[in-house]
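To start, the structure itself, in structure tokens.
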Amino acid sequence: MIPPDEDEAFVAAMEQVLEVYQRSEDPRCPVVAMDERPVQLLKDLRSPVPAKPGRIARRDYEYKRVDVVSAFLFTNPLQGWRRVSVRERRTAIDWAEEVKYILDEVYPDAERVTLVCDNLNTHKIASVYKAFPANEALELSSRLELVHTPKHGSWLNIAEIELSIFSRQCLNRRIPDLQTLRSEAEAWQKYRNENAGRVDWRFTTDDARIKLKRLYPKTQT
């Protein structure tokens with residue numbers, strides 16, 4: 001639900017995101033979307049009973065909450081590429097280090113990377129300066145274009161789609177420790193990159209101006 005006094009801000013941010021999605025693929029200026037989510041590490045208190053002929057697998061309802069970690073997901077929708085990184089925390093420095101990896105390791109030859117993300121307070125250029133010396137932070141930020149989805153508009157983030165798939169396919173069971181989660185995430189990432197296609201995003205600015213017409217300001221003649 002979008003508050004009426006936020007309509008203009010929503011529209012402006014939405015159209016900026018949709019403009020990015022309509023760009024043609026350009027290796028010099030790739031478009032990447034990112035999202036993140038907390039993941040609970042849960043340990044069984046009793047050993048599960050595996051399935052056997054005539055009986056399904058059984059697992060006791062009791063479990064121990066071990067910890068909460070964070071999964072960062074980056075995806076290039078035009079290339080059909082995803083990367084999942086699991087970290088112990090989701091601080092500004094964690095985010096900045098993930099962004100540095102994308103810039104330096106994934107796209108070292110790109111002039112600029114456009115990163116679509118939500119408005120979380122760590123998703124800012126200031127986080128890069130918090131994590132790295134000023135000269136390095138300036139070099140990184142000069143190659144980074146941040147495009148934020150509007151408040152109440154996380155559905156505009158393509159990475160949220162991939163993160164939802166990751167949650168359903170990889171996190172739909174109890175995972176007891178960080179190493180196991182990282183191993184499972186890496187296996188999912190490999191499978192998904194080898195078997196999934198590109199994202200076919202069809203919601204355009206023209207569509208928005210029709211379907212979300214109520215959000216646009218009424219110009220006076």
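Scheme for the structure tokens: letters A, B, ... for chains in order shown; per-chain residue numbers from 1; ligand numbers from 1 in order shown.
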
So that I can check the surroundings of Lys151 in chain A, please list as an MDAnalysis selection string every protein, DNA and RNA residue that reaches within 12 Å of it, counting only C-alpha atoms and ignoring chain neighbours fewer than 6 positions away. chainID A and resid 1:3 6:14 117:120 157

Neighbouring residues of range 199-211 of chain A were defined as those with any atom within 9 Å, considering only C-alpha atoms; residues of the same chain fewer than 6 positions away were excluded. Please report them as JSON, numbers by chain. {"A": [11, 14, 15, 18, 19, 21, 22, 76, 77, 78, 79, 80, 158]}

In Å, how far is it from CA of Arg90 in chain A to CA of Asp67 in chain A? 13.4 Å

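Every protein or nucleic acid residue with an atom no more than 8 Å from Arg87 in chain A, counting only C-alpha atoms and leaving out same-chain residues fewer than 5 positions away, appears here: A:Val69, A:Ser70, A:Ala71, A:Phe72, A:Asp94.
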
Keeping N, CA, C and O atoms, export the residues of the selection given above as a PDB file, in the first residue's frame.
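File produced: out-v6.pdb:
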```pdb
ATOM      1  N   VAL A  69      22.209 -15.832   9.859  1.00  0.00           N
ATOM      2  CA  VAL A  69      23.218 -15.308   8.945  1.00  0.00           C
ATOM      3  C   VAL A  69      22.500 -14.608   7.792  1.00  0.00           C
ATOM      4  O   VAL A  69      21.266 -14.509   7.792  1.00  0.00           O
ATOM      5  N   SER A  70      23.258 -14.117   6.834  1.00  0.00           N
ATOM      6  CA  SER A  70      22.661 -13.363   5.733  1.00  0.00           C
ATOM      7  C   SER A  70      23.098 -13.910   4.389  1.00  0.00           C
ATOM      8  O   SER A  70      24.273 -14.244   4.189  1.00  0.00           O
ATOM      9  N   ALA A  71      22.148 -13.968   3.470  1.00  0.00           N
ATOM     10  CA  ALA A  71      22.428 -14.390   2.098  1.00  0.00           C
ATOM     11  C   ALA A  71      22.293 -13.180   1.178  1.00  0.00           C
ATOM     12  O   ALA A  71      21.259 -12.507   1.169  1.00  0.00           O
ATOM     13  N   PHE A  72      23.355 -12.895   0.432  1.00  0.00           N
ATOM     14  CA  PHE A  72      23.355 -11.824  -0.562  1.00  0.00           C
ATOM     15  C   PHE A  72      23.235 -12.461  -1.939  1.00  0.00           C
ATOM     16  O   PHE A  72      24.009 -13.361  -2.271  1.00  0.00           O
ATOM     17  N   ASP A  94      29.874  -5.481   4.948  1.00  0.00           N
ATOM     18  CA  ASP A  94      29.579  -6.718   4.206  1.00  0.00           C
ATOM     19  C   ASP A  94      29.058  -6.390   2.819  1.00  0.00           C
ATOM     20  O   ASP A  94      29.482  -6.997   1.820  1.00  0.00           O
TER      21      ASP A  94
END
```

Helix (DSSP H, G or I) per DSSP on the backbone: members of chain A, as a VMD selection string: chain A and resid 4 to 21 92 to 106 125 to 131 134 to 142 154 to 156 158 to 170 178 to 195 205 to 211 213 to 215

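For the set A:Glu162, A:Glu136, A:Glu62, A:Asp35, the residue with the smallest atom-to-atom gap to Arg174 in chain A is A:Glu62, counting only C-alpha atoms.
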
Nearest residue to His148 in chain A from the set A:Arg46, A:Ala33, A:Lys218, A:Arg28 (distances using only C-alpha atoms): A:Ala33

List every residue of chain A that DSSP, applied to the backbone, labels as strand (DSSP E or B), and write the result as a compact mmCIF listing (two decimals) with all heavy atoms, in the first residue's frame.
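Below is the file states-v5.txt, written as the result:
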```txt
# COMPACT_ATOMS: atom_id res chain seq x y z
N VAL A 31 24.05 -4.49 -16.21
CA VAL A 31 23.02 -4.22 -15.21
C VAL A 31 22.92 -5.42 -14.27
O VAL A 31 22.74 -6.56 -14.73
CB VAL A 31 21.65 -3.95 -15.87
CG1 VAL A 31 20.57 -3.84 -14.80
CG2 VAL A 31 21.71 -2.67 -16.70
N VAL A 32 23.05 -5.18 -12.99
CA VAL A 32 22.99 -6.23 -11.98
C VAL A 32 21.96 -5.81 -10.93
O VAL A 32 21.89 -4.64 -10.55
CB VAL A 32 24.36 -6.43 -11.30
CG1 VAL A 32 24.28 -7.47 -10.19
CG2 VAL A 32 25.40 -6.85 -12.34
N ALA A 33 21.16 -6.77 -10.48
CA ALA A 33 20.22 -6.51 -9.39
C ALA A 33 20.66 -7.32 -8.17
O ALA A 33 21.21 -8.42 -8.32
CB ALA A 33 18.80 -6.90 -9.80
N MET A 34 20.42 -6.78 -6.97
CA MET A 34 20.81 -7.50 -5.77
C MET A 34 19.72 -7.41 -4.70
O MET A 34 18.94 -6.46 -4.66
CB MET A 34 22.13 -7.01 -5.19
CG MET A 34 22.17 -5.63 -4.55
SD MET A 34 21.58 -5.54 -2.81
CE MET A 34 22.58 -6.79 -2.04
N ASP A 35 19.68 -8.44 -3.88
CA ASP A 35 18.78 -8.46 -2.74
C ASP A 35 19.42 -9.32 -1.67
O ASP A 35 20.37 -10.06 -1.93
CB ASP A 35 17.41 -9.01 -3.14
CG ASP A 35 16.30 -8.60 -2.17
OD1 ASP A 35 16.60 -7.86 -1.20
OD2 ASP A 35 15.15 -9.03 -2.36
N GLU A 36 18.94 -9.25 -0.47
CA GLU A 36 19.50 -10.02 0.62
C GLU A 36 18.40 -10.42 1.59
O GLU A 36 17.34 -9.81 1.63
CB GLU A 36 20.58 -9.22 1.35
CG GLU A 36 20.09 -7.92 1.95
CD GLU A 36 21.22 -7.06 2.49
OE1 GLU A 36 21.84 -6.33 1.70
OE2 GLU A 36 21.46 -7.11 3.70
N ARG A 37 18.67 -11.47 2.37
CA ARG A 37 17.69 -11.91 3.35
C ARG A 37 18.39 -12.63 4.49
O ARG A 37 19.45 -13.24 4.31
CB ARG A 37 16.66 -12.85 2.73
CG ARG A 37 17.20 -14.13 2.13
CD ARG A 37 16.14 -15.24 2.13
NE ARG A 37 15.87 -15.70 3.49
CZ ARG A 37 14.95 -16.62 3.78
NH1 ARG A 37 14.22 -17.15 2.82
NH2 ARG A 37 14.75 -17.01 5.02
N PRO A 38 17.82 -12.56 5.69
CA PRO A 38 18.36 -13.33 6.81
C PRO A 38 17.99 -14.80 6.66
O PRO A 38 16.95 -15.15 6.09
CB PRO A 38 17.68 -12.71 8.03
CG PRO A 38 16.39 -12.17 7.50
CD PRO A 38 16.67 -11.72 6.09
N VAL A 39 18.86 -15.67 7.15
CA VAL A 39 18.62 -17.11 7.11
C VAL A 39 18.88 -17.68 8.50
O VAL A 39 19.97 -17.49 9.06
CB VAL A 39 19.54 -17.82 6.09
CG1 VAL A 39 19.24 -19.32 6.06
CG2 VAL A 39 19.37 -17.21 4.69
N GLN A 40 17.90 -18.37 9.04
CA GLN A 40 18.09 -19.02 10.33
C GLN A 40 18.78 -20.37 10.15
O GLN A 40 18.40 -21.16 9.28
CB GLN A 40 16.73 -19.26 11.01
CG GLN A 40 16.05 -18.01 11.53
CD GLN A 40 14.91 -18.36 12.45
OE1 GLN A 40 15.10 -18.72 13.61
NE2 GLN A 40 13.69 -18.25 11.95
N LEU A 41 19.79 -20.61 10.95
CA LEU A 41 20.43 -21.92 10.99
C LEU A 41 19.74 -22.74 12.07
O LEU A 41 19.69 -22.33 13.24
CB LEU A 41 21.92 -21.78 11.29
CG LEU A 41 22.72 -20.96 10.27
CD1 LEU A 41 24.17 -20.85 10.70
CD2 LEU A 41 22.62 -21.56 8.87
N LEU A 42 19.20 -23.88 11.68
CA LEU A 42 18.38 -24.70 12.59
C LEU A 42 18.95 -26.11 12.66
O LEU A 42 19.22 -26.74 11.63
CB LEU A 42 16.93 -24.75 12.09
CG LEU A 42 16.23 -23.39 11.90
CD1 LEU A 42 14.85 -23.60 11.30
CD2 LEU A 42 16.14 -22.64 13.22
N LYS A 43 19.11 -26.59 13.88
CA LYS A 43 19.69 -27.92 14.09
C LYS A 43 18.64 -28.86 14.68
O LYS A 43 17.92 -28.50 15.61
CB LYS A 43 20.88 -27.80 15.06
CG LYS A 43 21.58 -29.12 15.35
CD LYS A 43 22.75 -28.89 16.29
CE LYS A 43 23.48 -30.19 16.59
NZ LYS A 43 24.63 -29.98 17.52
N ASP A 44 18.55 -30.06 14.12
CA ASP A 44 17.63 -31.07 14.67
C ASP A 44 18.09 -31.50 16.05
O ASP A 44 19.29 -31.71 16.29
CB ASP A 44 17.57 -32.29 13.75
CG ASP A 44 16.79 -32.04 12.48
OD1 ASP A 44 15.66 -31.52 12.57
OD2 ASP A 44 17.33 -32.32 11.39
N VAL A 49 14.40 -39.57 10.59
CA VAL A 49 14.25 -40.96 10.14
C VAL A 49 14.12 -40.93 8.63
O VAL A 49 13.16 -40.36 8.10
CB VAL A 49 13.01 -41.62 10.78
CG1 VAL A 49 12.86 -43.05 10.27
CG2 VAL A 49 13.10 -41.59 12.30
N LYS A 52 11.92 -44.91 3.52
CA LYS A 52 12.18 -46.25 3.04
C LYS A 52 10.92 -46.77 2.38
O LYS A 52 9.86 -46.13 2.49
CB LYS A 52 12.62 -47.16 4.18
CG LYS A 52 11.59 -47.44 5.24
CD LYS A 52 12.17 -48.36 6.31
CE LYS A 52 11.13 -48.76 7.34
NZ LYS A 52 11.70 -49.69 8.35
N ARG A 55 7.22 -45.93 3.54
CA ARG A 55 7.17 -44.95 4.63
C ARG A 55 7.95 -43.69 4.23
O ARG A 55 9.06 -43.77 3.73
CB ARG A 55 7.77 -45.53 5.90
CG ARG A 55 7.53 -44.62 7.14
CD ARG A 55 8.00 -45.29 8.41
NE ARG A 55 9.45 -45.41 8.46
CZ ARG A 55 10.11 -46.00 9.46
NH1 ARG A 55 9.43 -46.56 10.46
NH2 ARG A 55 11.43 -46.05 9.45
N ARG A 58 10.70 -38.92 8.15
CA ARG A 58 10.09 -38.26 9.31
C ARG A 58 11.14 -37.42 10.03
O ARG A 58 12.30 -37.80 10.13
CB ARG A 58 9.49 -39.31 10.25
CG ARG A 58 8.27 -40.02 9.67
CD ARG A 58 7.67 -41.00 10.66
NE ARG A 58 8.57 -42.12 10.91
CZ ARG A 58 8.32 -43.10 11.79
NH1 ARG A 58 7.21 -43.07 12.50
NH2 ARG A 58 9.18 -44.10 11.95
N TYR A 63 13.54 -28.34 17.28
CA TYR A 63 14.84 -27.99 16.70
C TYR A 63 15.50 -26.92 17.57
O TYR A 63 14.86 -26.30 18.43
CB TYR A 63 14.68 -27.47 15.27
CG TYR A 63 13.81 -26.24 15.15
CD1 TYR A 63 14.33 -24.96 15.35
CD2 TYR A 63 12.45 -26.36 14.83
CE1 TYR A 63 13.54 -23.84 15.24
CE2 TYR A 63 11.65 -25.25 14.73
CZ TYR A 63 12.19 -23.98 14.92
OH TYR A 63 11.39 -22.86 14.82
N LYS A 64 16.78 -26.71 17.33
CA LYS A 64 17.53 -25.69 18.05
C LYS A 64 17.90 -24.57 17.07
O LYS A 64 18.43 -24.83 16.00
CB LYS A 64 18.81 -26.28 18.65
CG LYS A 64 19.66 -25.25 19.39
CD LYS A 64 20.94 -25.89 19.94
CE LYS A 64 21.80 -24.85 20.65
NZ LYS A 64 23.07 -25.45 21.17
N ARG A 65 17.61 -23.34 17.47
CA ARG A 65 17.98 -22.18 16.65
C ARG A 65 19.44 -21.85 16.94
O ARG A 65 19.79 -21.40 18.02
CB ARG A 65 17.08 -20.99 16.99
CG ARG A 65 17.28 -19.76 16.13
CD ARG A 65 16.19 -18.75 16.49
NE ARG A 65 16.28 -17.53 15.71
CZ ARG A 65 16.95 -16.44 16.10
NH1 ARG A 65 17.62 -16.44 17.25
NH2 ARG A 65 16.98 -15.36 15.35
N VAL A 66 20.29 -22.10 15.95
CA VAL A 66 21.73 -21.97 16.15
C VAL A 66 22.20 -20.53 15.97
O VAL A 66 22.94 -19.98 16.80
CB VAL A 66 22.51 -22.89 15.18
CG1 VAL A 66 24.01 -22.74 15.38
CG2 VAL A 66 22.08 -24.34 15.37
N ASP A 67 21.77 -19.90 14.88
CA ASP A 67 22.26 -18.56 14.57
C ASP A 67 21.41 -17.99 13.43
O ASP A 67 20.59 -18.70 12.84
CB ASP A 67 23.74 -18.62 14.15
CG ASP A 67 24.46 -17.29 14.29
OD1 ASP A 67 23.79 -16.29 14.66
OD2 ASP A 67 25.68 -17.25 14.05
N VAL A 68 21.65 -16.72 13.13
CA VAL A 68 21.04 -16.08 11.97
C VAL A 68 22.16 -15.47 11.14
O VAL A 68 22.98 -14.71 11.65
CB VAL A 68 20.03 -14.98 12.37
CG1 VAL A 68 19.47 -14.31 11.12
CG2 VAL A 68 18.90 -15.57 13.20
N VAL A 69 22.21 -15.83 9.86
CA VAL A 69 23.22 -15.31 8.95
C VAL A 69 22.50 -14.61 7.79
O VAL A 69 21.27 -14.51 7.79
CB VAL A 69 24.13 -16.43 8.43
CG1 VAL A 69 24.92 -17.04 9.58
CG2 VAL A 69 23.33 -17.51 7.72
N SER A 70 23.26 -14.12 6.83
CA SER A 70 22.66 -13.36 5.73
C SER A 70 23.10 -13.91 4.39
O SER A 70 24.27 -14.24 4.19
CB SER A 70 23.06 -11.88 5.83
OG SER A 70 22.47 -11.29 6.96
N ALA A 71 22.15 -13.97 3.47
CA ALA A 71 22.43 -14.39 2.10
C ALA A 71 22.29 -13.18 1.18
O ALA A 71 21.26 -12.51 1.17
CB ALA A 71 21.46 -15.49 1.67
N PHE A 72 23.36 -12.90 0.43
CA PHE A 72 23.36 -11.82 -0.56
C PHE A 72 23.23 -12.46 -1.94
O PHE A 72 24.01 -13.36 -2.27
CB PHE A 72 24.65 -11.03 -0.49
CG PHE A 72 24.83 -10.21 0.75
CD1 PHE A 72 25.23 -10.79 1.94
CD2 PHE A 72 24.60 -8.83 0.74
CE1 PHE A 72 25.41 -10.04 3.09
CE2 PHE A 72 24.77 -8.07 1.88
CZ PHE A 72 25.17 -8.66 3.06
N LEU A 73 22.29 -12.00 -2.73
CA LEU A 73 22.10 -12.54 -4.07
C LEU A 73 22.26 -11.43 -5.11
O LEU A 73 21.62 -10.39 -5.00
CB LEU A 73 20.74 -13.21 -4.21
CG LEU A 73 20.52 -13.96 -5.53
CD1 LEU A 73 19.67 -15.20 -5.31
CD2 LEU A 73 19.85 -13.07 -6.59
N PHE A 74 23.11 -11.67 -6.09
CA PHE A 74 23.31 -10.76 -7.22
C PHE A 74 22.93 -11.50 -8.50
O PHE A 74 23.24 -12.68 -8.65
CB PHE A 74 24.76 -10.31 -7.30
CG PHE A 74 25.21 -9.42 -6.16
CD1 PHE A 74 25.54 -9.98 -4.93
CD2 PHE A 74 25.28 -8.05 -6.31
CE1 PHE A 74 25.95 -9.17 -3.88
CE2 PHE A 74 25.68 -7.24 -5.27
CZ PHE A 74 26.01 -7.79 -4.05
N THR A 75 22.29 -10.80 -9.43
CA THR A 75 21.92 -11.44 -10.68
C THR A 75 21.99 -10.46 -11.84
O THR A 75 21.65 -9.27 -11.68
CB THR A 75 20.50 -12.05 -10.60
OG1 THR A 75 20.18 -12.69 -11.84
CG2 THR A 75 19.46 -10.99 -10.31
N ASN A 76 22.47 -10.93 -12.97
CA ASN A 76 22.42 -10.17 -14.21
C ASN A 76 21.30 -10.76 -15.05
O ASN A 76 21.45 -11.85 -15.61
CB ASN A 76 23.76 -10.26 -14.96
CG ASN A 76 23.77 -9.42 -16.22
OD1 ASN A 76 22.81 -9.39 -16.98
ND2 ASN A 76 24.88 -8.73 -16.47
N TRP A 81 22.66 -14.90 -15.15
CA TRP A 81 23.75 -15.21 -14.22
C TRP A 81 23.35 -14.82 -12.80
O TRP A 81 22.70 -13.80 -12.59
CB TRP A 81 25.00 -14.45 -14.64
CG TRP A 81 26.12 -14.42 -13.64
CD1 TRP A 81 27.13 -15.32 -13.52
CD2 TRP A 81 26.34 -13.43 -12.62
NE1 TRP A 81 27.96 -14.96 -12.48
CE2 TRP A 81 27.50 -13.80 -11.92
CE3 TRP A 81 25.66 -12.27 -12.24
CZ2 TRP A 81 28.00 -13.05 -10.86
CZ3 TRP A 81 26.15 -11.52 -11.18
CH2 TRP A 81 27.31 -11.92 -10.51
N ARG A 82 23.70 -15.68 -11.82
CA ARG A 82 23.40 -15.40 -10.41
C ARG A 82 24.61 -15.72 -9.56
O ARG A 82 25.39 -16.61 -9.88
CB ARG A 82 22.22 -16.24 -9.89
CG ARG A 82 20.94 -16.06 -10.68
CD ARG A 82 20.57 -17.34 -11.35
NE ARG A 82 19.40 -17.19 -12.18
CZ ARG A 82 19.41 -17.42 -13.49
NH1 ARG A 82 20.51 -17.82 -14.10
NH2 ARG A 82 18.31 -17.27 -14.20
N ARG A 83 24.70 -15.02 -8.43
CA ARG A 83 25.73 -15.32 -7.44
C ARG A 83 25.11 -15.18 -6.06
O ARG A 83 24.45 -14.18 -5.76
CB ARG A 83 26.92 -14.38 -7.56
CG ARG A 83 27.98 -14.60 -6.47
CD ARG A 83 29.19 -13.71 -6.66
NE ARG A 83 30.22 -14.02 -5.67
CZ ARG A 83 30.34 -13.41 -4.50
NH1 ARG A 83 29.50 -12.43 -4.16
NH2 ARG A 83 31.30 -13.75 -3.65
N VAL A 84 25.31 -16.20 -5.22
CA VAL A 84 24.84 -16.16 -3.83
C VAL A 84 26.05 -16.19 -2.91
O VAL A 84 26.92 -17.05 -3.06
CB VAL A 84 23.91 -17.34 -3.50
CG1 VAL A 84 23.43 -17.24 -2.07
CG2 VAL A 84 22.71 -17.36 -4.45
N SER A 85 26.10 -15.26 -1.99
CA SER A 85 27.16 -15.23 -0.99
C SER A 85 26.53 -15.22 0.39
O SER A 85 25.64 -14.41 0.66
CB SER A 85 28.02 -13.97 -1.18
OG SER A 85 29.00 -13.88 -0.16
N VAL A 86 26.98 -16.13 1.25
CA VAL A 86 26.43 -16.22 2.60
C VAL A 86 27.45 -15.65 3.58
O VAL A 86 28.60 -16.07 3.61
CB VAL A 86 26.09 -17.68 2.98
CG1 VAL A 86 25.52 -17.73 4.39
CG2 VAL A 86 25.10 -18.26 1.98
N ARG A 87 27.02 -14.69 4.38
CA ARG A 87 27.89 -14.03 5.34
C ARG A 87 27.29 -14.12 6.74
O ARG A 87 26.09 -14.33 6.90
CB ARG A 87 28.08 -12.56 4.96
CG ARG A 87 28.97 -12.36 3.74
CD ARG A 87 29.07 -10.89 3.37
NE ARG A 87 30.15 -10.68 2.40
CZ ARG A 87 31.35 -10.25 2.71
NH1 ARG A 87 31.65 -9.96 3.97
NH2 ARG A 87 32.27 -10.09 1.78
N VAL A 113 29.07 -0.41 -13.61
CA VAL A 113 28.06 -1.43 -13.30
C VAL A 113 26.86 -0.73 -12.69
O VAL A 113 27.00 0.02 -11.71
CB VAL A 113 28.61 -2.49 -12.33
CG1 VAL A 113 27.49 -3.44 -11.89
CG2 VAL A 113 29.74 -3.27 -12.97
N THR A 114 25.70 -0.94 -13.27
CA THR A 114 24.46 -0.40 -12.71
C THR A 114 23.88 -1.43 -11.76
O THR A 114 23.60 -2.56 -12.17
CB THR A 114 23.45 -0.08 -13.82
OG1 THR A 114 24.01 0.90 -14.69
CG2 THR A 114 22.16 0.47 -13.23
N LEU A 115 23.72 -1.05 -10.51
CA LEU A 115 23.24 -1.97 -9.48
C LEU A 115 21.87 -1.54 -8.99
O LEU A 115 21.70 -0.45 -8.44
CB LEU A 115 24.23 -2.00 -8.31
CG LEU A 115 23.90 -2.98 -7.18
CD1 LEU A 115 23.94 -4.42 -7.68
CD2 LEU A 115 24.87 -2.80 -6.02
N VAL A 116 20.88 -2.39 -9.22
CA VAL A 116 19.52 -2.14 -8.75
C VAL A 116 19.36 -2.81 -7.39
O VAL A 116 19.62 -4.00 -7.24
CB VAL A 116 18.48 -2.71 -9.74
CG1 VAL A 116 17.06 -2.49 -9.22
CG2 VAL A 116 18.65 -2.07 -11.12
N CYS A 117 18.92 -2.04 -6.41
CA CYS A 117 18.76 -2.58 -5.06
C CYS A 117 17.69 -1.79 -4.33
O CYS A 117 17.20 -0.77 -4.82
CB CYS A 117 20.08 -2.54 -4.28
SG CYS A 117 20.88 -0.93 -4.22
N LEU A 144 30.34 2.63 -10.23
CA LEU A 144 29.09 2.07 -9.71
C LEU A 144 27.96 3.08 -9.85
O LEU A 144 28.05 4.21 -9.37
CB LEU A 144 29.28 1.71 -8.23
CG LEU A 144 28.08 1.09 -7.51
CD1 LEU A 144 27.71 -0.26 -8.11
CD2 LEU A 144 28.37 0.96 -6.02
N GLU A 145 26.88 2.66 -10.50
CA GLU A 145 25.65 3.45 -10.57
C GLU A 145 24.59 2.74 -9.74
O GLU A 145 24.17 1.64 -10.08
CB GLU A 145 25.16 3.59 -12.02
CG GLU A 145 23.85 4.35 -12.13
CD GLU A 145 23.22 4.26 -13.51
OE1 GLU A 145 23.65 3.41 -14.32
OE2 GLU A 145 22.28 5.04 -13.78
N LEU A 146 24.16 3.37 -8.65
CA LEU A 146 23.13 2.79 -7.80
C LEU A 146 21.76 3.27 -8.25
O LEU A 146 21.53 4.47 -8.42
CB LEU A 146 23.35 3.17 -6.34
CG LEU A 146 24.51 2.51 -5.60
CD1 LEU A 146 24.53 2.97 -4.14
CD2 LEU A 146 24.40 1.00 -5.66
N VAL A 147 20.84 2.33 -8.42
CA VAL A 147 19.45 2.65 -8.76
C VAL A 147 18.57 1.96 -7.72
O VAL A 147 18.56 0.72 -7.64
CB VAL A 147 19.08 2.19 -10.17
CG1 VAL A 147 17.61 2.47 -10.46
CG2 VAL A 147 19.97 2.87 -11.21
N HIS A 148 17.86 2.73 -6.91
CA HIS A 148 17.08 2.17 -5.83
C HIS A 148 15.62 1.98 -6.23
O HIS A 148 15.03 2.86 -6.86
CB HIS A 148 17.14 3.08 -4.59
CG HIS A 148 18.49 3.12 -3.95
ND1 HIS A 148 19.37 4.17 -4.12
CD2 HIS A 148 19.13 2.23 -3.15
CE1 HIS A 148 20.47 3.94 -3.44
NE2 HIS A 148 20.36 2.77 -2.85
```

Minimum-distance residue to Glu88 in chain A, chosen among A:Ser141, A:Gln179, A:Asn121, A:Asn195 (using only C-alpha atoms): A:Gln179

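A straight line drawn from CA of Glu105 in chain A to CA of Thr149 in chain A is 25.2 Å long.
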
Between CA of Tyr107 in chain A and CA of Thr180 in chain A, what is the spacing in Å? 27.9 Å
